Amino acid sequence: MAFKLAITGKSGSGKTTVTKAFLRIFREYFPEKSILLFDNDLTSELGHSFGLDIRNTIYGIRSGKHEYKTGIPEGMSKQEFVEWAMEDIVVSLDENIDIIVSWFVGAKDCRCPITAQINDAVLKLIDRYDIVIFDCEFDLKYLNQLVDTDIDTTLIVGNPTEESAHLAKRIEEFSAKYAAGNQLGVIINKVDNTDLTSVYELLKRYDLDVLGVIPTDKEINPLDKESSLIQNAIKQFYFRLNLPQVRE
């Protein structure tokens, strides 16, 4: 069964950078494990950060607009067809690393068969991997509209401002029912100073569980979103997370 990490937060908070940092850490700690990056953000920025413009999405399967790489095999059930199409849109990034993009998702209360078929196909897909990282759209509700799966750890990426703390609280409230009682907390990104007292006081007012702090990386490449500084910062609080741990 896959370990599942969801990265949520407001657009511009640094979700994609944090997602890629976790990818690099997982590759360093567990080079033998398979990883699926699941881009559930409407901007599809995660794929762009790898220099990819991924047009084949789960929404394309749902809407019937996906252009298949091969002909459609005969004799398939509708469920088999959706599962086959899902495999067709997975993009390989490196050995043991794949990415898939969802784009738009349908409403969970839609009674059309394709909603359940996609849910089941996504579940089957993610269970093939050891680790799945979801780059989410704002909160877990949007992801849950696509697939109903337990998330081991949900991280809300926030910034050290009053507005961001308020939004982080809203995201926490919206996501709590979908986190299935598992770990749900905040990491503060883009912190400029070493005195964190004001940051913690701000989040304490909103009763937010802070799992870690990440400093601003002024040298980060805005195109590929790679940052060794951010990776090292995450390693400092990684042990607090409900994720696979490195054995001594």
# chains A, B, ... in the order shown; residues from 1 in each chain; ligands from 1

$ residues_around --residues "Tyr178 in chain A" --least-positions-apart "6" --cutoff "12 Å" --atoms "only C-alpha atoms" --output "PyMOL selection string"
chain A and resi 6+139-145+147-154+171-172+184

$ residues_around --residues "Asp98 in chain A" --least-positions-apart "4" --cutoff "12 Å" --atoms "only C-alpha atoms" --output "ChimeraX atom specification"
/A:23,33-39,46-47,50,87-94,125-126,128-133

$ write_last_selection --atoms "N, CA and C atoms" --output "PDB file, in the first residue's frame"
ATOM      1  N   LEU A  23      10.016  15.216  -3.158  1.00  0.00           N
ATOM      2  CA  LEU A  23      10.399  14.219  -4.155  1.00  0.00           C
ATOM      3  C   LEU A  23      11.891  13.921  -4.065  1.00  0.00           C
ATOM      4  N   LYS A  33      12.371   2.890  -4.035  1.00  0.00           N
ATOM      5  CA  LYS A  33      10.909   2.966  -4.019  1.00  0.00           C
ATOM      6  C   LYS A  33      10.367   3.710  -5.248  1.00  0.00           C
ATOM      7  N   SER A  34       9.194   3.275  -5.694  1.00  0.00           N
ATOM      8  CA  SER A  34       8.528   3.931  -6.817  1.00  0.00           C
ATOM      9  C   SER A  34       7.688   5.103  -6.301  1.00  0.00           C
ATOM     10  N   ILE A  35       7.679   6.184  -7.070  1.00  0.00           N
ATOM     11  CA  ILE A  35       7.009   7.423  -6.643  1.00  0.00           C
ATOM     12  C   ILE A  35       6.093   7.917  -7.761  1.00  0.00           C
ATOM     13  N   LEU A  36       4.873   8.292  -7.390  1.00  0.00           N
ATOM     14  CA  LEU A  36       3.945   8.927  -8.318  1.00  0.00           C
ATOM     15  C   LEU A  36       3.685  10.356  -7.858  1.00  0.00           C
ATOM     16  N   LEU A  37       3.943  11.310  -8.737  1.00  0.00           N
ATOM     17  CA  LEU A  37       3.553  12.699  -8.500  1.00  0.00           C
ATOM     18  C   LEU A  37       2.173  12.890  -9.097  1.00  0.00           C
ATOM     19  N   PHE A  38       1.240  13.347  -8.272  1.00  0.00           N
ATOM     20  CA  PHE A  38      -0.150  13.486  -8.708  1.00  0.00           C
ATOM     21  C   PHE A  38      -0.496  14.975  -8.695  1.00  0.00           C
ATOM     22  N   ASP A  39      -0.522  15.582  -9.877  1.00  0.00           N
ATOM     23  CA  ASP A  39      -0.771  17.016 -10.003  1.00  0.00           C
ATOM     24  C   ASP A  39      -2.273  17.268 -10.027  1.00  0.00           C
ATOM     25  N   LEU A  46       3.225  21.860 -11.541  1.00  0.00           N
ATOM     26  CA  LEU A  46       4.192  20.813 -11.218  1.00  0.00           C
ATOM     27  C   LEU A  46       4.807  20.237 -12.488  1.00  0.00           C
ATOM     28  N   GLY A  47       3.967  19.913 -13.453  1.00  0.00           N
ATOM     29  CA  GLY A  47       4.478  19.401 -14.721  1.00  0.00           C
ATOM     30  C   GLY A  47       5.352  20.420 -15.426  1.00  0.00           C
ATOM     31  N   PHE A  50       9.013  20.628 -14.576  1.00  0.00           N
ATOM     32  CA  PHE A  50       9.894  19.625 -15.174  1.00  0.00           C
ATOM     33  C   PHE A  50      10.094  19.894 -16.665  1.00  0.00           C
ATOM     34  N   GLU A  87      -3.593   4.507 -17.526  1.00  0.00           N
ATOM     35  CA  GLU A  87      -2.204   4.104 -17.745  1.00  0.00           C
ATOM     36  C   GLU A  87      -1.600   4.878 -18.919  1.00  0.00           C
ATOM     37  N   ASP A  88      -2.426   5.186 -19.876  1.00  0.00           N
ATOM     38  CA  ASP A  88      -1.954   5.836 -21.097  1.00  0.00           C
ATOM     39  C   ASP A  88      -1.481   7.265 -20.860  1.00  0.00           C
ATOM     40  N   ILE A  89      -1.988   7.921 -19.801  1.00  0.00           N
ATOM     41  CA  ILE A  89      -1.640   9.330 -19.587  1.00  0.00           C
ATOM     42  C   ILE A  89      -0.553   9.522 -18.529  1.00  0.00           C
ATOM     43  N   VAL A  90      -0.078   8.428 -17.941  1.00  0.00           N
ATOM     44  CA  VAL A  90       1.031   8.540 -16.986  1.00  0.00           C
ATOM     45  C   VAL A  90       2.316   8.860 -17.748  1.00  0.00           C
ATOM     46  N   VAL A  91       3.051   9.856 -17.264  1.00  0.00           N
ATOM     47  CA  VAL A  91       4.302  10.274 -17.903  1.00  0.00           C
ATOM     48  C   VAL A  91       5.475   9.881 -17.005  1.00  0.00           C
ATOM     49  N   SER A  92       6.459   9.220 -17.590  1.00  0.00           N
ATOM     50  CA  SER A  92       7.646   8.819 -16.838  1.00  0.00           C
ATOM     51  C   SER A  92       8.642   9.975 -16.793  1.00  0.00           C
ATOM     52  N   LEU A  93       9.086  10.330 -15.594  1.00  0.00           N
ATOM     53  CA  LEU A  93      10.061  11.404 -15.413  1.00  0.00           C
ATOM     54  C   LEU A  93      11.479  10.872 -15.283  1.00  0.00           C
ATOM     55  N   ASP A  94      11.591   9.727 -14.646  1.00  0.00           N
ATOM     56  CA  ASP A  94      12.897   9.134 -14.363  1.00  0.00           C
ATOM     57  C   ASP A  94      12.634   7.698 -13.931  1.00  0.00           C
ATOM     58  N   LEU A 125      -4.401   2.710  -9.652  1.00  0.00           N
ATOM     59  CA  LEU A 125      -3.127   3.263 -10.114  1.00  0.00           C
ATOM     60  C   LEU A 125      -2.208   3.603  -8.944  1.00  0.00           C
ATOM     61  N   ILE A 126      -2.716   4.351  -7.959  1.00  0.00           N
ATOM     62  CA  ILE A 126      -1.842   4.804  -6.879  1.00  0.00           C
ATOM     63  C   ILE A 126      -1.366   3.641  -6.005  1.00  0.00           C
ATOM     64  N   ARG A 128      -0.176   1.009  -7.020  1.00  0.00           N
ATOM     65  CA  ARG A 128       0.982   0.392  -7.659  1.00  0.00           C
ATOM     66  C   ARG A 128       2.296   1.011  -7.200  1.00  0.00           C
ATOM     67  N   TYR A 129       2.213   2.157  -6.533  1.00  0.00           N
ATOM     68  CA  TYR A 129       3.420   2.889  -6.145  1.00  0.00           C
ATOM     69  C   TYR A 129       3.676   2.752  -4.646  1.00  0.00           C
ATOM     70  N   ASP A 130       4.936   2.961  -4.280  1.00  0.00           N
ATOM     71  CA  ASP A 130       5.293   2.945  -2.863  1.00  0.00           C
ATOM     72  C   ASP A 130       4.951   4.265  -2.189  1.00  0.00           C
ATOM     73  N   ILE A 131       5.135   5.381  -2.913  1.00  0.00           N
ATOM     74  CA  ILE A 131       4.890   6.722  -2.372  1.00  0.00           C
ATOM     75  C   ILE A 131       4.137   7.535  -3.410  1.00  0.00           C
ATOM     76  N   VAL A 132       3.107   8.238  -2.963  1.00  0.00           N
ATOM     77  CA  VAL A 132       2.361   9.137  -3.844  1.00  0.00           C
ATOM     78  C   VAL A 132       2.354  10.529  -3.208  1.00  0.00           C
ATOM     79  N   ILE A 133       2.726  11.530  -3.998  1.00  0.00           N
ATOM     80  CA  ILE A 133       2.703  12.919  -3.534  1.00  0.00           C
ATOM     81  C   ILE A 133       1.639  13.664  -4.323  1.00  0.00           C
TER      82      ILE A 133
END

$ residues_around --residues "Ile230 in chain A" --least-positions-apart "3" --cutoff "10 Å" --atoms "only C-alpha atoms" --output "list in words"
Thr17, Val18, Lys20, Ala21, Phe22, Asn189, Lys190, Val213, Ile214, Pro215, Thr216, Asp217, Ile220, Glu226, Ser227, Ala233, Ile234 and Lys235 of chain A

$ residues_around --residues "Ile156 in chain A" --least-positions-apart "6" --cutoff "8 Å" --atoms "only C-alpha atoms" --output "ChimeraX atom specification"
/A:7-9,168,171-172,184-187

$ select_by_dssp --residues "range 39-110 of chain A" --states "alpha helix (DSSP H)" --output "list in words"
Glu45, Leu46, Gly47, His48, Ile58, Tyr59, Gly60, Ile61, Arg62, Ser63, Lys78, Gln79, Glu80, Phe81, Val82, Glu83, Trp84, Ala85, Met86, Glu87 and Asp88 of chain A

$ residues_around --residues "Pro244 in chain A" --least-positions-apart "4" --cutoff "9 Å" --atoms "only C-alpha atoms" --output "list in words"
Phe3, Phe26, Phe30 and Ile131 of chain A

$ write_last_selection --atoms "N, CA and C atoms" --output "short mmCIF file (atom, residue, chain, number, x, y, z; two decimals), in the first residue's frame"
data_model
loop_
_atom_site.label_atom_id
_atom_site.label_comp_id
_atom_site.auth_asym_id
_atom_site.auth_seq_id
_atom_site.Cartn_x
_atom_site.Cartn_y
_atom_site.Cartn_z
N PHE A 3 2.33 5.00 0.64
CA PHE A 3 2.30 6.11 1.58
C PHE A 3 1.89 7.34 0.80
N PHE A 26 12.68 11.95 -0.84
CA PHE A 26 12.28 10.55 -0.96
C PHE A 26 13.27 9.78 -1.84
N PHE A 30 15.04 6.82 -0.07
CA PHE A 30 14.49 5.53 -0.51
C PHE A 30 14.64 5.37 -2.03
N ILE A 131 5.13 5.38 -2.91
CA ILE A 131 4.89 6.72 -2.37
C ILE A 131 4.14 7.54 -3.41
#

$ closest_residue --among "A:Gly64, A:Ile25, A:Ser49, A:Phe237" --to "Pro222 in chain A" --atoms "only C-alpha atoms"
A:Ser49

$ closest_residue --among "A:Ile188, A:Leu155, A:Val122, A:Val101" --to "Asp41 in chain A" --atoms "only C-alpha atoms"
A:Val101

$ closest_residue --among "A:Ile100, A:Leu203, A:Ala116, A:Leu229" --to "Gln79 in chain A" --atoms "only C-alpha atoms"
A:Ala116

$ atom_distance --atom1 "CA of Thr19 in chain A" --atom2 "CA of Gly51 in chain A"
15.6 Å
